[in-house]
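*Asks:* Got a structure for you, written out below as structure tokens; questions coming shortly.
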Amino acid sequence: MYFALILTLSVIIPFTKIINYFRLKIFPIILVSLFLMFNRGNNDYLGYLSIFFYPEGYAEPGYVFLVNMIKFFGGTSHNQVLWVLGILFIITLYRFAKHSKTINFVLLLYVIFPFVLDITQIRNTFMMLFVLNAFIEYFRGKKIRTLIWLLISSTFHFFGIFYIISFLLIGLKKEKSYYKLIILISLIGLFFMPALIRFGISYIPIPRIVDRLTVYTADTIKYSSLFIWGGILILDLIVFRLFIKRMDLTENNNKNQIQLIYDFMFTGLVFLGCVLFLFEFNRFFRNLFLLKYLLADYMLPSMTKNAKLLLVVYLLITAVLFAFLYSLGIEGMDYNTVLLRNSIFGY
């Protein structure tokens, strides 16, 4: 079924300009959401079935509140949480799709990587969807709403705190040497972050976060994680910077969106030191894949044919490459098991 989804999205793309465009926007979004709402075969599903009956012992307060509200209205299973997630996915992606000409291509890339992992780690998916809504509000100049969405994201997964930090770092853009400053902070972090993580975790005042970080802290420095996630982030930043420099942003209606997403990705450099010891931090960089797909979505309409082709090929290669790397079991995740067991028709 997973490969059928990829094939369906691939077939739809060439007909985007021929068939009613609204249908070609909403249909693929709904199709992908079905794999969120009706999936029963991923690695975490059985665990979340148990968590539903006592979420306070595992999850963050936002997720606990959602489960309790579902129970209040008569819900009896984790499956209802998945329905809420699917509906949120449809609403969020369609909010982007209303101003997009290539949303189907974004969905295709996302389904290749990292959608399979987002099916499994649903609290992370909730968090990322809230962050995407924060971007939408920021594009509109609604900073209070942006902050509200970011705060909500951190109540579904504590990693949302780092997205708040990234938005705060973007506030430094007023400084002329912004990019140099981010790079300097990143280099300092690479040297001192491992020590801060190992000796500073116990001083965090929230026991649940301490427990979670302790579980995901490695005994040795993970240079491979730094190579994998730092490598792709730096490559993405270089590639997109080269394409952006060749674009005339003065005539692009999406120039603010392009600049914001790029700057947000750039702040990811600050957290590279964290992946040296924390397995959990790979999700921060993994989530940047969807953001770079959306960045490309804003850029593609204003690019030349040759530039479009190069960017499309680059995005496809990196998406397939990381799907392949996960199939080899990087970062301790059995991607093959997740992939083969995911079906909206059950086990």
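A note on labels: chains of the structure tokens are A, B, ... as shown, every chain counts residues from 1, and ligands are counted from 1 in their shown order.
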Excluding A:Val111 and any residue of its chain fewer than 2 positions from it, enumerate the residues within 10 Å of it, using only C-alpha atoms, and give them as a list in words.
*Replies:*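 In the requested format, the answer is Tyr2, Phe3, Leu5, Ile6, Leu9, Val32, Phe105, Val106, Leu107, Leu108, Leu109, Phe113, Pro114, Phe115, Val116, Leu117, Asp118, Leu290, Ala319 and Ala323 of chain A.
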*Asks:* Which of these, A:Gly329, A:Pro61, A:Pro301, A:Gly273, has the shortest distance to A:Phe158 once you count only C-alpha atoms?
*Replies:*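 So, comparing all the options, the nearest one is A:Pro61.
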*Asks:* So that I can see what lies close to A:Ile122, please list as a compact mmCIF listing (two decimals) with C-alpha atoms, in the first residue's frame the residues with an atom at most 10 Å from it, counting only C-alpha atoms and leaving out residues fewer than 6 positions away in the same chain.
*Replies:*
# COMPACT_ATOMS: atom_id res chain seq x y z
CA LEU A 36 -2.23 8.47 9.33
CA ASP A 44 4.48 2.24 18.19
CA TYR A 45 0.79 1.45 17.66
CA TYR A 48 -0.05 4.02 22.12
CA VAL A 81 -6.39 10.20 18.36
CA LEU A 82 -5.25 9.13 14.89
CA LEU A 85 -4.18 13.74 13.65
CA MET A 128 5.41 19.42 13.52
CA PHE A 156 2.62 17.61 22.50
CA HIS A 157 6.35 16.91 22.37
*Asks:* Using only C-alpha atoms, determine which residues lie at most 7 Å from stretch 132-148 of chain A, disregarding the query and same-chain residues fewer than 3 positions distant; provide the list as a list in words.
*Replies:* Thr92, Met128, Leu129, Leu151, Ile152 and Gln257 of chain A
*Asks:* List the neighbours of A:Ile238 out to 12 Å using only C-alpha atoms; skip same-chain residues closer than 6 positions along the sequence, and give me the result as JSON, numbers by chain.
*Replies:* {"A": [231, 232, 244, 245, 262, 265, 266]}
